[in-house]
$ cat coords-v4.cif   # mmCIF, C-alpha atoms, pLDDT in the B column; chains and numbers go by the auth columns
data_protein
#
loop_
_atom_site.group_PDB
_atom_site.id
_atom_site.type_symbol
_atom_site.label_atom_id
_atom_site.label_comp_id
_atom_site.label_asym_id
_atom_site.label_seq_id
_atom_site.Cartn_x
_atom_site.Cartn_y
_atom_site.Cartn_z
_atom_site.B_iso_or_equiv
_atom_site.auth_seq_id
_atom_site.auth_asym_id
ATOM 1 C CA MET A 1 11.466 -82.769 -35.244 48.00 72 P
ATOM 2 C CA ARG A 2 13.162 -80.436 -37.599 48.00 73 P
ATOM 3 C CA HIS A 3 13.006 -76.670 -36.893 45.00 74 P
ATOM 4 C CA THR A 4 12.929 -74.098 -39.654 45.00 75 P
ATOM 5 C CA HIS A 5 13.899 -70.466 -39.271 45.00 76 P
ATOM 6 C CA HIS A 6 10.165 -69.678 -38.933 45.00 77 P
ATOM 7 C CA ASP A 7 9.738 -71.800 -35.806 45.00 78 P
ATOM 8 C CA VAL A 8 9.896 -69.982 -32.485 44.00 79 P
ATOM 9 C CA THR A 9 11.566 -72.013 -29.768 44.00 80 P
ATOM 10 C CA ARG A 10 10.557 -71.735 -26.135 43.00 81 P
ATOM 11 C CA ARG A 11 13.998 -70.327 -25.313 45.00 82 P
ATOM 12 C CA ALA A 12 13.755 -67.622 -28.016 43.00 83 P
ATOM 13 C CA PHE A 13 10.242 -66.745 -26.890 37.00 84 P
ATOM 14 C CA LEU A 14 11.292 -66.412 -23.238 38.00 85 P
ATOM 15 C CA ALA A 15 14.407 -64.433 -24.131 42.00 86 P
ATOM 16 C CA THR A 16 12.381 -62.012 -26.239 40.00 87 P
ATOM 17 C CA GLY A 17 9.765 -61.716 -23.485 45.00 88 P
ATOM 18 C CA GLY A 18 12.517 -61.013 -20.958 43.00 89 P
ATOM 19 C CA LEU A 19 13.932 -58.231 -23.118 40.00 90 P
ATOM 20 C CA GLY A 20 10.454 -56.766 -23.520 44.00 91 P
ATOM 21 C CA ALA A 21 9.888 -56.831 -19.750 42.00 92 P
ATOM 22 C CA LEU A 22 13.265 -55.192 -19.216 39.00 93 P
ATOM 23 C CA ALA A 23 12.368 -52.433 -21.678 42.00 94 P
ATOM 24 C CA ALA A 24 8.996 -51.936 -20.000 43.00 95 P
ATOM 25 C CA ALA A 25 10.672 -51.594 -16.610 43.00 96 P
ATOM 26 C CA ALA A 26 13.140 -48.984 -17.894 44.00 97 P
ATOM 27 C CA PRO A 27 12.315 -45.347 -17.160 47.00 98 P
ATOM 28 C CA GLY A 28 9.956 -43.950 -19.806 48.00 99 P
ATOM 29 C CA ARG A 29 12.039 -40.865 -20.427 49.00 100 P
ATOM 30 C CA ALA A 30 15.003 -42.960 -21.557 50.00 101 P
ATOM 31 C CA LEU A 31 12.964 -44.184 -24.512 55.00 102 P
ATOM 32 C CA ALA A 32 11.100 -40.941 -25.246 65.00 103 P
ATOM 33 C CA ALA A 33 12.179 -38.717 -28.078 80.00 104 P
ATOM 34 C CA GLN A 34 13.405 -35.255 -27.211 91.00 105 P
ATOM 35 C CA PRO A 35 10.815 -32.573 -27.951 92.00 106 P
ATOM 36 C CA THR A 36 11.182 -30.609 -31.158 95.00 107 P
ATOM 37 C CA ALA A 37 11.815 -26.860 -30.943 95.00 108 P
ATOM 38 C CA VAL A 38 8.095 -26.176 -31.500 96.00 109 P
ATOM 39 C CA GLU A 39 7.088 -28.747 -28.878 97.00 110 P
ATOM 40 C CA GLN A 40 9.542 -27.235 -26.388 97.00 111 P
ATOM 41 C CA ALA A 41 8.164 -23.752 -27.107 97.00 112 P
ATOM 42 C CA ASN A 42 4.622 -25.068 -26.527 98.00 113 P
ATOM 43 C CA ILE A 43 5.700 -26.703 -23.248 97.00 114 P
ATOM 44 C CA THR A 44 7.208 -23.385 -22.155 97.00 115 P
ATOM 45 C CA VAL A 45 3.949 -21.525 -22.915 98.00 116 P
ATOM 46 C CA VAL A 46 1.883 -24.029 -20.917 98.00 117 P
ATOM 47 C CA ASN A 47 4.304 -24.102 -17.982 97.00 118 P
ATOM 48 C CA GLU A 48 4.443 -20.287 -17.846 97.00 119 P
ATOM 49 C CA PHE A 49 0.648 -20.160 -18.077 97.00 120 P
ATOM 50 C CA CYS A 50 0.309 -22.556 -15.139 96.00 121 P
ATOM 51 C CA ALA A 51 2.921 -20.615 -13.150 96.00 122 P
ATOM 52 C CA ALA A 52 0.876 -17.426 -13.650 95.00 123 P
ATOM 53 C CA PHE A 53 -1.894 -18.789 -11.424 91.00 124 P
ATOM 54 C CA VAL A 54 -0.979 -17.088 -8.155 90.00 125 P
ATOM 55 C CA ALA A 55 -3.245 -15.095 -5.865 85.00 126 P
ATOM 56 C CA PRO A 56 -4.267 -12.433 -6.524 87.00 127 P
ATOM 57 C CA ILE A 57 -4.900 -13.511 -10.101 89.00 128 P
ATOM 58 C CA ASP A 58 -3.762 -11.143 -12.849 93.00 129 P
ATOM 59 C CA TRP A 59 -6.488 -11.950 -15.377 93.00 130 P
ATOM 60 C CA ASP A 60 -4.944 -9.924 -18.204 95.00 131 P
ATOM 61 C CA HIS A 61 -1.698 -11.849 -17.788 96.00 132 P
ATOM 62 C CA ILE A 62 -3.524 -15.201 -17.641 95.00 133 P
ATOM 63 C CA THR A 63 -5.574 -14.521 -20.765 96.00 134 P
ATOM 64 C CA SER A 64 -2.507 -13.287 -22.674 97.00 135 P
ATOM 65 C CA TYR A 65 -1.562 -16.969 -23.095 98.00 136 P
ATOM 66 C CA LEU A 66 -4.939 -17.794 -24.682 98.00 137 P
ATOM 67 C CA SER A 67 -6.140 -17.285 -28.236 98.00 138 P
ATOM 68 C CA ALA A 68 -9.099 -14.867 -28.470 97.00 139 P
ATOM 69 C CA ASP A 69 -11.460 -17.764 -29.200 97.00 140 P
ATOM 70 C CA CYS A 70 -9.895 -20.243 -26.759 98.00 141 P
ATOM 71 C CA LYS A 71 -12.158 -23.027 -25.530 98.00 142 P
ATOM 72 C CA TYR A 72 -11.828 -24.202 -21.924 97.00 143 P
ATOM 73 C CA ARG A 73 -13.468 -27.133 -20.194 95.00 144 P
ATOM 74 C CA ALA A 74 -12.828 -27.056 -16.442 89.00 145 P
ATOM 75 C CA THR A 75 -13.512 -30.769 -15.949 85.00 146 P
ATOM 76 C CA GLN A 76 -14.590 -33.617 -18.136 80.00 147 P
ATOM 77 C CA THR A 77 -18.223 -33.031 -17.073 84.00 148 P
ATOM 78 C CA THR A 78 -18.569 -29.250 -17.423 85.00 149 P
ATOM 79 C CA PRO A 79 -19.662 -27.227 -20.440 90.00 150 P
ATOM 80 C CA VAL A 80 -17.100 -25.431 -22.572 95.00 151 P
ATOM 81 C CA ALA A 81 -16.355 -21.749 -21.935 95.00 152 P
ATOM 82 C CA GLU A 82 -15.273 -19.906 -25.082 97.00 153 P
ATOM 83 C CA GLY A 83 -13.376 -16.628 -25.223 97.00 154 P
ATOM 84 C CA HIS A 84 -11.455 -14.618 -22.645 97.00 155 P
ATOM 85 C CA GLN A 85 -14.441 -13.244 -20.715 96.00 156 P
ATOM 86 C CA ALA A 86 -16.256 -16.580 -20.453 96.00 157 P
ATOM 87 C CA ILE A 87 -13.055 -18.289 -19.292 95.00 158 P
ATOM 88 C CA ARG A 88 -12.395 -15.541 -16.722 94.00 159 P
ATOM 89 C CA ASP A 89 -15.941 -15.849 -15.411 92.00 160 P
ATOM 90 C CA LEU A 90 -15.639 -19.626 -15.070 91.00 161 P
ATOM 91 C CA LEU A 91 -12.211 -19.515 -13.410 91.00 162 P
ATOM 92 C CA LYS A 92 -13.200 -16.724 -11.023 88.00 163 P
ATOM 93 C CA GLY A 93 -15.726 -19.109 -9.501 81.00 164 P
ATOM 94 C CA PHE A 94 -12.871 -21.440 -8.570 78.00 165 P
ATOM 95 C CA VAL A 95 -10.208 -19.001 -7.431 85.00 166 P
ATOM 96 C CA GLU A 96 -11.834 -15.729 -6.380 82.00 167 P
ATOM 97 C CA SER A 97 -12.020 -16.583 -2.663 84.00 168 P
ATOM 98 C CA ALA A 98 -8.597 -18.269 -2.549 88.00 169 P
ATOM 99 C CA THR A 99 -5.864 -16.587 -0.534 89.00 170 P
ATOM 100 C CA SER A 100 -3.268 -18.820 -2.178 91.00 171 P
ATOM 101 C CA VAL A 101 -3.211 -20.537 -5.586 92.00 172 P
ATOM 102 C CA GLU A 102 -0.542 -22.761 -7.107 94.00 173 P
ATOM 103 C CA PHE A 103 -0.519 -25.115 -10.063 94.00 174 P
ATOM 104 C CA GLU A 104 2.221 -27.568 -9.095 96.00 175 P
ATOM 105 C CA ILE A 105 3.383 -29.346 -12.253 96.00 176 P
ATOM 106 C CA VAL A 106 4.485 -32.944 -11.777 96.00 177 P
ATOM 107 C CA ASP A 107 5.222 -33.753 -15.425 95.00 178 P
ATOM 108 C CA THR A 108 4.740 -32.146 -18.832 96.00 179 P
ATOM 109 C CA TRP A 109 5.189 -33.537 -22.336 96.00 180 P
ATOM 110 C CA ALA A 110 4.198 -32.586 -25.867 97.00 181 P
ATOM 111 C CA ARG A 111 3.362 -34.217 -29.161 96.00 182 P
ATOM 112 C CA GLY A 112 3.184 -31.632 -31.905 95.00 183 P
ATOM 113 C CA PRO A 113 0.705 -28.907 -30.936 97.00 184 P
ATOM 114 C CA VAL A 114 -0.669 -30.838 -27.926 98.00 185 P
ATOM 115 C CA VAL A 115 0.819 -30.399 -24.452 98.00 186 P
ATOM 116 C CA VAL A 116 -0.210 -32.575 -21.513 97.00 187 P
ATOM 117 C CA ASN A 117 0.634 -31.827 -17.925 96.00 188 P
ATOM 118 C CA ASP A 118 0.092 -33.785 -14.743 96.00 189 P
ATOM 119 C CA ARG A 119 -0.313 -31.381 -11.854 96.00 190 P
ATOM 120 C CA PHE A 120 -1.873 -30.541 -8.522 95.00 191 P
ATOM 121 C CA ASP A 121 -3.995 -27.410 -8.403 94.00 192 P
ATOM 122 C CA LYS A 122 -3.600 -26.110 -4.847 94.00 193 P
ATOM 123 C CA PHE A 123 -5.990 -23.617 -3.308 92.00 194 P
ATOM 124 C CA THR A 124 -6.026 -22.140 0.171 92.00 195 P
ATOM 125 C CA LEU A 125 -9.531 -20.958 1.006 89.00 196 P
ATOM 126 C CA PRO A 126 -10.704 -19.216 4.175 88.00 197 P
ATOM 127 C CA ASP A 127 -12.043 -22.500 5.613 90.00 198 P
ATOM 128 C CA ARG A 128 -9.842 -25.198 4.025 90.00 199 P
ATOM 129 C CA SER A 129 -7.069 -26.145 1.621 92.00 200 P
ATOM 130 C CA LEU A 130 -7.550 -28.154 -1.557 91.00 201 P
ATOM 131 C CA ASP A 131 -4.980 -30.167 -3.528 93.00 202 P
ATOM 132 C CA ILE A 132 -6.743 -31.245 -6.704 92.00 203 P
ATOM 133 C CA PRO A 133 -5.052 -33.862 -8.942 94.00 204 P
ATOM 134 C CA VAL A 134 -5.434 -32.729 -12.557 95.00 205 P
ATOM 135 C CA VAL A 135 -4.288 -33.718 -16.012 96.00 206 P
ATOM 136 C CA GLY A 136 -4.444 -30.707 -18.321 97.00 207 P
ATOM 137 C CA VAL A 137 -4.557 -31.129 -22.089 97.00 208 P
ATOM 138 C CA PHE A 138 -3.706 -28.050 -24.134 98.00 209 P
ATOM 139 C CA HIS A 139 -3.852 -27.535 -27.897 98.00 210 P
ATOM 140 C CA LEU A 140 -1.717 -24.639 -29.103 98.00 211 P
ATOM 141 C CA ILE A 141 -1.955 -22.758 -32.382 98.00 212 P
ATOM 142 C CA ASP A 142 0.722 -20.215 -33.284 96.00 213 P
ATOM 143 C CA GLY A 143 2.085 -20.217 -29.721 96.00 214 P
ATOM 144 C CA ALA A 144 -1.258 -19.546 -28.022 98.00 215 P
ATOM 145 C CA ILE A 145 -3.495 -21.926 -26.105 98.00 216 P
ATOM 146 C CA ALA A 146 -6.504 -22.514 -28.368 98.00 217 P
ATOM 147 C CA GLU A 147 -8.141 -25.331 -26.383 98.00 218 P
ATOM 148 C CA TRP A 148 -7.692 -26.425 -22.788 97.00 219 P
ATOM 149 C CA THR A 149 -9.374 -29.263 -20.933 96.00 220 P
ATOM 150 C CA ASP A 150 -8.687 -30.309 -17.352 95.00 221 P
ATOM 151 C CA PHE A 151 -9.405 -33.855 -16.252 93.00 222 P
ATOM 152 C CA VAL A 152 -9.840 -34.115 -12.480 90.00 223 P
ATOM 153 C CA PHE A 153 -9.120 -37.459 -10.812 81.00 224 P
ATOM 154 C CA ASP A 154 -10.081 -38.957 -7.459 70.00 225 P
ATOM 155 C CA PHE A 155 -11.046 -35.661 -5.914 59.00 226 P
ATOM 156 C CA THR A 156 -13.411 -35.286 -3.005 62.00 227 P
ATOM 157 C CA PRO A 157 -13.678 -31.714 -1.682 57.00 228 P
#
$ encode --input "coords-v4.cif" --output "structure tokens"
Amino acid sequence: MRHTHHDVTRRAFLATGGLGALAAAAPGRALAAQPTAVEQANITVVNEFCAAFVAPIDWDHITSYLSADCKYRATQTTPVAEGHQAIRDLLKGFVESATSVEFEIVDTWARGPVVVNDRFDKFTLPDRSLDIPVVGVFHLIDGAIAEWTDFVFDFTP
């Protein structure tokens, strides 16, 4: 049987598959593009915002990272809170009784105006401690967080 340059041999197929598997096994960061200056600035805003969550909460400092009409969804199943006061009111329900609060960031990356972070939201309450696994998705406009949604995974209080 005569092979043309369009035929794929078993050896070529396996070699290509092996290279693909090798690339898939390589650390993701090695293949990821470096963030642009704007993306890095957005990452910095989100990371500073998350770092600002310490007890007692300084609400003016927290909301300084948010646009005036920011929209926040606390979990994928809760209604959206819009504006500084509504967001404060919603967040106070989560953190007001906490003696300790920390948003521990595991990983953060950006694509254009969207920043995603994988984190654990840690709360020490009078009767227990909570470590909540969260993926936060932030949309920034002109250096301010305009939309923020937290996706909570595998959490049982």
$ resolve_selection --input "coords-v4.cif" --expression "the PyMOL selection byres ((chain P and resi 177) around 12)" --output "JSON, numbers by chain"
{"P": [118, 121, 174, 175, 176, 178, 179, 180, 187, 188, 189, 190, 191, 192, 204, 205, 206, 207]}
$ resolve_selection --input "coords-v4.cif" --expression "the PyMOL selection byres ((chain P and resi 141) around 9)" --output "PyMOL selection string"
chain P and resi 137-140+142-143+152-155+158+215-219
$ write_last_selection --input "coords-v4.cif" --atoms "C-alpha atoms" --output "PDB file, in the frame of the given file"
ATOM      1  CA  LEU P 137      -4.939 -17.794 -24.682  1.00 98.00           C
ATOM      2  CA  SER P 138      -6.140 -17.285 -28.236  1.00 98.00           C
ATOM      3  CA  ALA P 139      -9.099 -14.867 -28.470  1.00 97.00           C
ATOM      4  CA  ASP P 140     -11.460 -17.764 -29.200  1.00 97.00           C
ATOM      5  CA  LYS P 142     -12.158 -23.027 -25.530  1.00 98.00           C
ATOM      6  CA  TYR P 143     -11.828 -24.202 -21.924  1.00 97.00           C
ATOM      7  CA  ALA P 152     -16.355 -21.749 -21.935  1.00 95.00           C
ATOM      8  CA  GLU P 153     -15.273 -19.906 -25.082  1.00 97.00           C
ATOM      9  CA  GLY P 154     -13.376 -16.628 -25.223  1.00 97.00           C
ATOM     10  CA  HIS P 155     -11.455 -14.618 -22.645  1.00 97.00           C
ATOM     11  CA  ILE P 158     -13.055 -18.289 -19.292  1.00 95.00           C
ATOM     12  CA  ALA P 215      -1.258 -19.546 -28.022  1.00 98.00           C
ATOM     13  CA  ILE P 216      -3.495 -21.926 -26.105  1.00 98.00           C
ATOM     14  CA  ALA P 217      -6.504 -22.514 -28.368  1.00 98.00           C
ATOM     15  CA  GLU P 218      -8.141 -25.331 -26.383  1.00 98.00           C
ATOM     16  CA  TRP P 219      -7.692 -26.425 -22.788  1.00 97.00           C
TER      17      TRP P 219
END
$ residues_around --input "coords-v4.cif" --residues "Ala123 of chain P" --least-positions-apart "5" --cutoff "10 Å" --atoms "all atoms listed in the file" --output "PyMOL selection string"
chain P and resi 117-118+128-130+132-133+136+172-174
$ resolve_selection --input "coords-v4.cif" --expression "the PyMOL selection byres ((chain P and resi 166) around 10)" --output "count of residues only"
19
$ atom_distance --input "coords-v4.cif" --atom1 "atom CA of Gly183 of chain P" --atom2 "atom CA of Asp225 of chain P"
28.8 Å
$ atom_distance --input "coords-v4.cif" --atom1 "atom CA of Thr107 of chain P" --atom2 "atom CA of Phe120 of chain P"
19.8 Å
$ atom_distance --input "coords-v4.cif" --atom1 "atom CA of Asp213 of chain P" --atom2 "atom CA of Pro184 of chain P"
9.0 Å
$ closest_residue --input "coords-v4.cif" --among "P:Thr134, P:Ala145, P:Arg159, P:Gly214" --to "Ala108 of chain P" --atoms "only C-alpha atoms"
P:Gly214
$ axis_aligned_box --input "coords-v4.cif" --around "segment 185-192 of chain P" --padding-each-side "8 Å" --output "AutoDock Vina command-line options"
--center_x -1.6 --center_y -30.6 --center_z -18.2 --size_x 20.8 --size_y 22.4 --size_z 35.5
$ residues_around --input "coords-v4.cif" --residues "Gln147 of chain P" --least-positions-apart "5" --cutoff "10 Å" --atoms "all atoms listed in the file" --output "JSON, numbers by chain"
{"P": [220, 221, 222, 223, 224]}
$ write_last_selection --input "coords-v4.cif" --atoms "C-alpha atoms" --output "PDB file, in the coordinates of the input"
ATOM      1  CA  THR P 220      -9.374 -29.263 -20.933  1.00 96.00           C
ATOM      2  CA  ASP P 221      -8.687 -30.309 -17.352  1.00 95.00           C
ATOM      3  CA  PHE P 222      -9.405 -33.855 -16.252  1.00 93.00           C
ATOM      4  CA  VAL P 223      -9.840 -34.115 -12.480  1.00 90.00           C
ATOM      5  CA  PHE P 224      -9.120 -37.459 -10.812  1.00 81.00           C
TER       6      PHE P 224
END
